[in-house]
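run.txt, holding compact mmCIF, C-alpha atoms:
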```
# COMPACT_ATOMS: atom_id res chain seq x y z
CA MET C 1 -7.03 -3.39 -11.13
CA SER C 2 -6.17 -3.91 -7.47
CA GLU C 3 -2.68 -3.77 -6.12
CA ASP C 4 -0.36 -6.75 -6.53
CA PHE C 5 -2.14 -8.95 -4.01
CA ALA C 6 -4.82 -6.95 -2.23
CA PRO C 7 -7.55 -8.41 -0.02
CA GLY C 8 -10.79 -9.31 -1.68
CA ARG C 9 -9.43 -10.59 -4.98
CA GLN C 10 -10.88 -13.77 -6.34
CA ASP C 11 -7.70 -15.77 -5.85
CA GLU C 12 -7.41 -14.81 -2.20
CA PRO C 13 -9.23 -15.54 1.04
CA ALA C 14 -12.43 -13.53 1.26
CA GLN C 15 -11.66 -12.17 4.73
CA ALA C 16 -8.73 -10.96 6.74
CA VAL C 17 -8.03 -13.16 9.70
CA GLY C 18 -8.36 -11.96 13.27
CA HIS C 19 -6.77 -13.43 16.36
CA ASP C 20 -9.72 -15.66 17.10
CA THR C 21 -10.29 -16.92 13.58
CA ALA C 22 -6.86 -17.86 12.23
CA PRO C 23 -6.95 -21.12 10.26
CA LYS C 24 -4.94 -24.14 11.31
CA ALA C 25 -3.41 -24.43 7.85
CA ALA C 26 -3.27 -22.23 4.78
CA PRO C 27 -4.98 -23.31 1.57
CA GLU C 28 -2.58 -24.42 -1.15
CA LYS C 29 -3.22 -21.95 -3.95
CA GLY C 30 0.21 -20.88 -5.10
CA VAL C 31 3.22 -19.12 -3.70
CA LEU C 32 1.59 -15.72 -3.25
CA ASN C 33 -1.41 -17.14 -1.47
CA ARG C 34 0.75 -19.16 0.91
CA LEU C 35 2.83 -16.07 1.53
CA TYR C 36 -0.35 -14.09 2.22
CA TRP C 37 -1.48 -16.57 4.85
CA TRP C 38 1.98 -16.69 6.39
CA ILE C 39 1.88 -12.91 6.78
CA LEU C 40 -1.57 -13.07 8.37
CA SER C 41 -0.30 -15.66 10.85
CA TRP C 42 1.83 -12.91 12.47
CA ALA C 43 -1.39 -11.39 13.80
CA ASP C 44 -1.58 -14.29 16.26
CA THR C 45 1.90 -13.71 17.69
CA PRO C 46 3.40 -11.10 20.04
CA TYR C 47 5.32 -9.77 17.02
CA GLY C 48 2.32 -8.65 14.97
CA ALA C 49 3.05 -4.93 15.30
CA PRO C 50 6.75 -5.17 14.32
CA ALA C 51 5.77 -7.49 11.45
CA LEU C 52 3.25 -4.90 10.24
CA PHE C 53 5.90 -2.18 10.26
CA ILE C 54 8.41 -4.33 8.37
CA LEU C 55 5.80 -5.51 5.87
CA ALA C 56 4.66 -1.94 5.18
CA MET C 57 8.27 -0.87 4.69
CA ALA C 58 9.09 -3.77 2.36
CA GLU C 59 5.91 -3.41 0.30
CA SER C 60 6.70 0.19 -0.56
CA SER C 61 10.02 -0.74 -2.12
CA PHE C 62 9.90 -4.29 -3.48
CA PHE C 63 7.54 -6.75 -1.70
CA PRO C 64 4.40 -7.90 -3.58
CA ILE C 65 1.84 -8.16 -0.76
CA PRO C 66 0.38 -4.95 0.75
CA PRO C 67 0.16 -4.51 4.53
CA ASP C 68 -3.62 -3.93 4.60
CA PRO C 69 -4.61 -7.54 5.42
CA LEU C 70 -2.29 -7.67 8.44
CA LEU C 71 -3.41 -4.20 9.54
CA VAL C 72 -7.04 -5.36 9.43
CA ALA C 73 -6.28 -8.62 11.24
CA LEU C 74 -4.43 -6.86 14.06
CA ALA C 75 -7.06 -4.15 14.40
CA VAL C 76 -9.89 -6.69 14.50
CA GLY C 77 -8.10 -8.44 17.36
CA LYS C 78 -7.54 -5.16 19.25
CA PRO C 79 -9.87 -2.44 17.91
CA ALA C 80 -8.72 0.05 20.57
CA ARG C 81 -5.24 -0.04 19.01
CA SER C 82 -6.47 0.37 15.43
CA LEU C 83 -5.16 3.92 15.04
CA TYR C 84 -1.81 2.89 16.52
CA TYR C 85 -1.55 0.14 13.91
CA ALA C 86 -2.53 2.62 11.20
CA ALA C 87 0.23 5.00 12.35
CA LEU C 88 2.75 2.16 12.45
CA CYS C 89 1.73 1.06 8.98
CA THR C 90 1.97 4.62 7.63
CA ALA C 91 5.42 5.18 9.12
CA GLY C 92 6.75 1.89 7.77
CA SER C 93 5.28 2.54 4.34
CA VAL C 94 6.73 6.04 4.07
CA ILE C 95 10.17 4.81 5.16
CA GLY C 96 9.87 2.01 2.59
CA GLY C 97 8.93 4.59 -0.01
CA VAL C 98 12.13 6.49 0.79
CA ILE C 99 14.07 3.24 0.33
CA GLY C 100 12.33 2.73 -3.01
CA TYR C 101 13.20 6.30 -3.96
CA GLY C 102 16.83 5.59 -3.08
CA ILE C 103 16.82 2.44 -5.20
CA GLY C 104 15.60 4.44 -8.18
CA TYR C 105 17.96 7.34 -7.55
CA PHE C 106 21.16 5.39 -7.00
CA PHE C 107 20.59 1.86 -8.35
CA MET C 108 18.03 2.15 -11.12
CA GLU C 109 19.96 0.20 -13.74
CA THR C 110 21.12 -2.60 -11.45
CA VAL C 111 18.20 -3.05 -9.06
CA GLY C 112 15.33 -0.72 -9.93
CA MET C 113 14.73 -2.02 -13.46
CA ARG C 114 14.70 -5.61 -12.20
CA ILE C 115 11.88 -4.74 -9.80
CA ILE C 116 10.00 -2.92 -12.58
CA GLU C 117 10.43 -5.98 -14.80
CA LEU C 118 9.22 -8.27 -12.02
CA TYR C 119 5.87 -6.48 -12.03
CA GLY C 120 5.63 -6.51 -15.83
CA LEU C 121 5.72 -2.73 -16.19
CA THR C 122 8.87 -2.29 -18.27
CA GLU C 123 6.88 -1.17 -21.31
CA ARG C 124 4.94 1.34 -19.18
CA TYR C 125 8.06 2.88 -17.70
CA GLY C 126 8.06 5.68 -20.26
CA ASP C 127 4.41 6.43 -19.48
CA ILE C 128 5.24 6.69 -15.78
CA GLN C 129 7.98 9.19 -16.62
CA LYS C 130 5.50 11.33 -18.57
CA LEU C 131 3.08 11.25 -15.65
CA TYR C 132 5.79 12.46 -13.30
CA GLU C 133 6.83 15.22 -15.70
CA GLU C 134 3.26 16.49 -15.97
CA TYR C 135 1.81 15.91 -12.50
CA ASN C 136 4.79 15.41 -10.14
CA ALA C 137 3.48 15.06 -6.56
CA ILE C 138 -0.03 14.17 -7.73
CA VAL C 139 1.36 10.92 -9.16
CA VAL C 140 2.88 9.96 -5.80
CA LEU C 141 -0.34 10.88 -4.01
CA SER C 142 -2.43 8.81 -6.39
CA ALA C 143 -0.18 5.75 -6.10
CA ALA C 144 -0.08 6.11 -2.30
CA ILE C 145 -3.87 6.07 -1.93
CA THR C 146 -5.06 3.75 -4.67
CA PRO C 147 -4.21 0.05 -5.26
CA ILE C 148 -1.66 1.01 -7.95
CA PRO C 149 1.65 -0.77 -7.17
CA TYR C 150 3.15 1.96 -5.00
CA LYS C 151 6.64 0.47 -5.07
CA VAL C 152 6.92 1.03 -8.82
CA PHE C 153 6.22 4.73 -8.37
CA THR C 154 8.58 5.15 -5.43
CA ILE C 155 11.41 3.66 -7.48
CA ALA C 156 10.45 5.71 -10.54
CA GLY C 157 10.27 8.85 -8.39
CA GLY C 158 13.93 8.41 -7.48
CA ALA C 159 14.93 7.53 -11.03
CA PHE C 160 13.30 10.68 -12.39
CA HIS C 161 14.72 12.83 -9.57
CA VAL C 162 11.36 14.01 -8.27
CA SER C 163 11.77 16.55 -5.44
CA PHE C 164 12.52 14.46 -2.36
CA ILE C 165 10.60 16.73 0.03
CA THR C 166 7.58 16.72 -2.29
CA PHE C 167 7.81 12.95 -2.59
CA VAL C 168 7.92 12.41 1.18
CA LEU C 169 5.06 14.82 1.91
CA ALA C 170 2.85 13.29 -0.77
CA SER C 171 3.67 9.82 0.56
CA ILE C 172 2.74 10.80 4.12
CA VAL C 173 -0.58 12.28 3.01
CA GLY C 174 -1.49 9.43 0.66
CA ARG C 175 -0.40 6.50 2.79
CA GLY C 176 -1.74 8.13 5.94
CA PHE C 177 -5.13 8.69 4.32
CA ARG C 178 -5.37 5.09 3.18
CA PHE C 179 -4.28 3.37 6.38
CA PHE C 180 -5.98 5.74 8.82
CA LEU C 181 -9.24 5.32 6.92
CA GLU C 182 -9.02 1.59 7.53
CA GLY C 183 -7.86 2.12 11.10
CA ALA C 184 -10.68 4.55 11.89
CA LEU C 185 -13.35 2.22 10.49
CA LEU C 186 -12.00 -0.65 12.58
CA TYR C 187 -11.64 1.55 15.67
CA TYR C 188 -15.28 2.61 15.58
CA TYR C 189 -16.91 -0.53 14.18
CA GLY C 190 -14.47 -3.36 14.95
CA GLU C 191 -15.29 -6.85 13.67
CA LYS C 192 -18.56 -5.70 12.09
CA ILE C 193 -16.76 -3.59 9.47
CA ARG C 194 -14.18 -6.22 8.48
CA ASP C 195 -16.22 -7.79 5.67
CA PHE C 196 -16.98 -4.35 4.28
CA ILE C 197 -13.28 -3.46 4.19
CA ASP C 198 -12.35 -6.76 2.55
CA LYS C 199 -14.98 -6.36 -0.15
CA TYR C 200 -15.04 -2.64 -0.82
CA MET C 201 -11.78 -1.05 0.37
CA THR C 202 -10.21 -1.32 -3.08
CA TRP C 203 -13.15 0.52 -4.61
CA LEU C 204 -13.16 3.12 -1.86
CA SER C 205 -9.44 3.71 -2.38
CA TRP C 206 -9.99 4.29 -6.08
CA ILE C 207 -12.94 6.61 -5.48
CA PHE C 208 -11.21 8.71 -2.83
CA GLY C 209 -7.97 8.74 -4.83
CA ILE C 210 -9.70 9.89 -8.01
CA LEU C 211 -11.64 12.60 -6.16
CA LEU C 212 -8.57 13.87 -4.34
CA VAL C 213 -6.25 13.80 -7.33
CA GLY C 214 -8.99 15.19 -9.57
CA GLY C 215 -9.29 18.13 -7.22
CA PHE C 216 -5.57 18.87 -7.43
CA VAL C 217 -5.64 18.59 -11.23
CA ALA C 218 -8.61 20.94 -11.41
CA ILE C 219 -6.83 23.48 -9.19
CA LYS C 220 -3.72 23.21 -11.34
CA TYR C 221 -5.55 23.97 -14.57
CA LEU C 222 -7.76 26.68 -13.03
CA ALA C 223 -4.61 28.37 -11.76
CA HIS C 224 -3.44 28.71 -15.36
```
Would you mind giving the structure from this file in C-alpha cells?
Amino acid sequence: MSEDFAPGRQDEPAQAVGHDTAPKAAPEKGVLNRLYWWILSWADTPYGAPALFILAMAESSFFPIPPDPLLVALAVGKPARSLYYAALCTAGSVIGGVIGYGIGYFFMETVGMRIIELYGLTERYGDIQKLYEEYNAIVVLSAAITPIPYKVFTIAGGAFHVSFITFVLASIVGRGFRFFLEGALLYYYGEKIRDFIDKYMTWLSWIFGILLVGGFVAIKYLAH
C-alpha cells in the first residue's frame, strides 16, 4: 500500500502540478485532498523551495502528506534545479526523521503513541519492535525508500533506542536514494517524465527498496 497520501492514488489528482498548470481551485474531495492541493500551490510562489524543506521535515515526524508531489511540481517548473530540490528534500526529511526519533526517545508515551494511533498502527507496534530487533538499520532503510509511513518508523526507532548514528546514516541513504531518483529523472527528462513518476514511482520505490533490503538481508545471513 502506498504511503499515507502519495501521488497516483485513486483518491488524488492523477498528476503533480507544475508552475504552468496549477488549477484555479482545488477539487473538493476531503480534507487530505484539499491539503494536498494547498501544498502543491506553493510551487507557484517564490517560497516553493522553503515549503518543500519544511514539508519534508514535517512528513518525517508527523505530517500525513509526503513531499514528493511538491518536489515533482517544482522540478517540472525548473528542471535544471531538480537535483537541488532533491537535496533540499533529502536534508529536510533526514532532519525531520531526527525529530521523529527524538519524539520516540523522549516523548513516546505522551506524543509518540498518539501519532502511531493516528495512523492506525497501534496493534502493529509490537511487530515494528520485532523488526527493529532483528534487522535494525535495514528497517530504517526500507521505510526511507518505500512508501511505508516513514514517520512511524522514525518515532519507533527512538522509542526502541536504535543506534542514532545508524539511524541517521540509513535515513540519508534511503531518503537520498528516493528523492534523488525522482530529481534525476526530472533533471534529464523534465515534463515528459512527470506522468511516469506519478503513475509508477510507488512501484519503483517498492521494487528498489525490496532489492536493496533483500541484498542486505542476504549478506547478513551469508555472513553467518
Select all residues near (-3.8, 11.9, 2.6) (cut-off 10 Å, inclusive, file coordinates), counting only C-alpha atoms, and output them as a PyMOL selection string. chain C and resi 141-142+144-145+169-181+208-209+212
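Between atom CA of Arg124 of chain C and atom CA of Ile155 of chain C the separation is 13.6 Å.
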Quick one: everything within 9 Å of Ile95 of chain C, counting all atoms listed in the file, minus sequence neighbours fewer than 5 positions away in the same chain. Send it as a ChimeraX atom specification. /C:56-57,60,90,100,168
When you draw a straight line from atom CA of Gly92 of chain C to atom CA of Leu55 of chain C, how long is it in Å? 7.7 Å
How many Å separate atom CA of Gly120 of chain C from atom CA of Val98 of chain C? 22.1 Å
I'd like the contact shell of Tyr85 of chain C - 8 Å cut-off, all atoms listed in the file, skipping same-chain residues fewer than 3 positions apart - returned as JSON, numbers by chain. {"C": [49, 52, 71, 74, 75, 81, 82, 88, 89, 183]}
Test item: residues at most 12 Å from Tyr101 of chain C, only C-alpha atoms, excluding those fewer than 5 positions along its chain, as a ChimeraX atom specification: /C:60-62,94-96,106-108,111-112,140,150-168,171
Produce a table with one row for each residue of segment 38-137 of chain C that has an atom at most 7 Å from any atom of segment 187-193 of chain C, each row naming the nearest atom pair and its distance in Å at one decimal; use all atoms listed in the file; arrange rows by chain and rising residue number; format as a tab-separated table.
```
residue	atom	partner	partner_atom	distance
C:Val76	CA	C:Glu191	CA	5.5
C:Pro79	CA	C:Tyr187	CA	4.9
C:Ala80	CA	C:Tyr187	CA	5.9
C:Ser82	CA	C:Tyr187	CA	5.3
C:Leu83	CA	C:Tyr187	CA	6.9
```
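Among the candidate residues C:Ile138, C:Leu70, C:Leu186, C:Ile65, the one lying nearest to Tyr47 of chain C is C:Leu70, with distances computed using only C-alpha atoms.
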Each side padded by 5 Å, which centre and which edge lengths in Å (one decimal) define the axis-aligned box around the listed atoms of segment 189-193 of chain C? Give them as JSON.
```
{"center_x": -16.5, "center_y": -3.7, "center_z": 12.2, "size_x": 14.1, "size_y": 16.3, "size_z": 15.5}
```
Of C:Ile99, C:Val72, C:Leu121, C:Ile115, the one nearest to Ala58 of chain C when counting only C-alpha atoms is C:Ile99
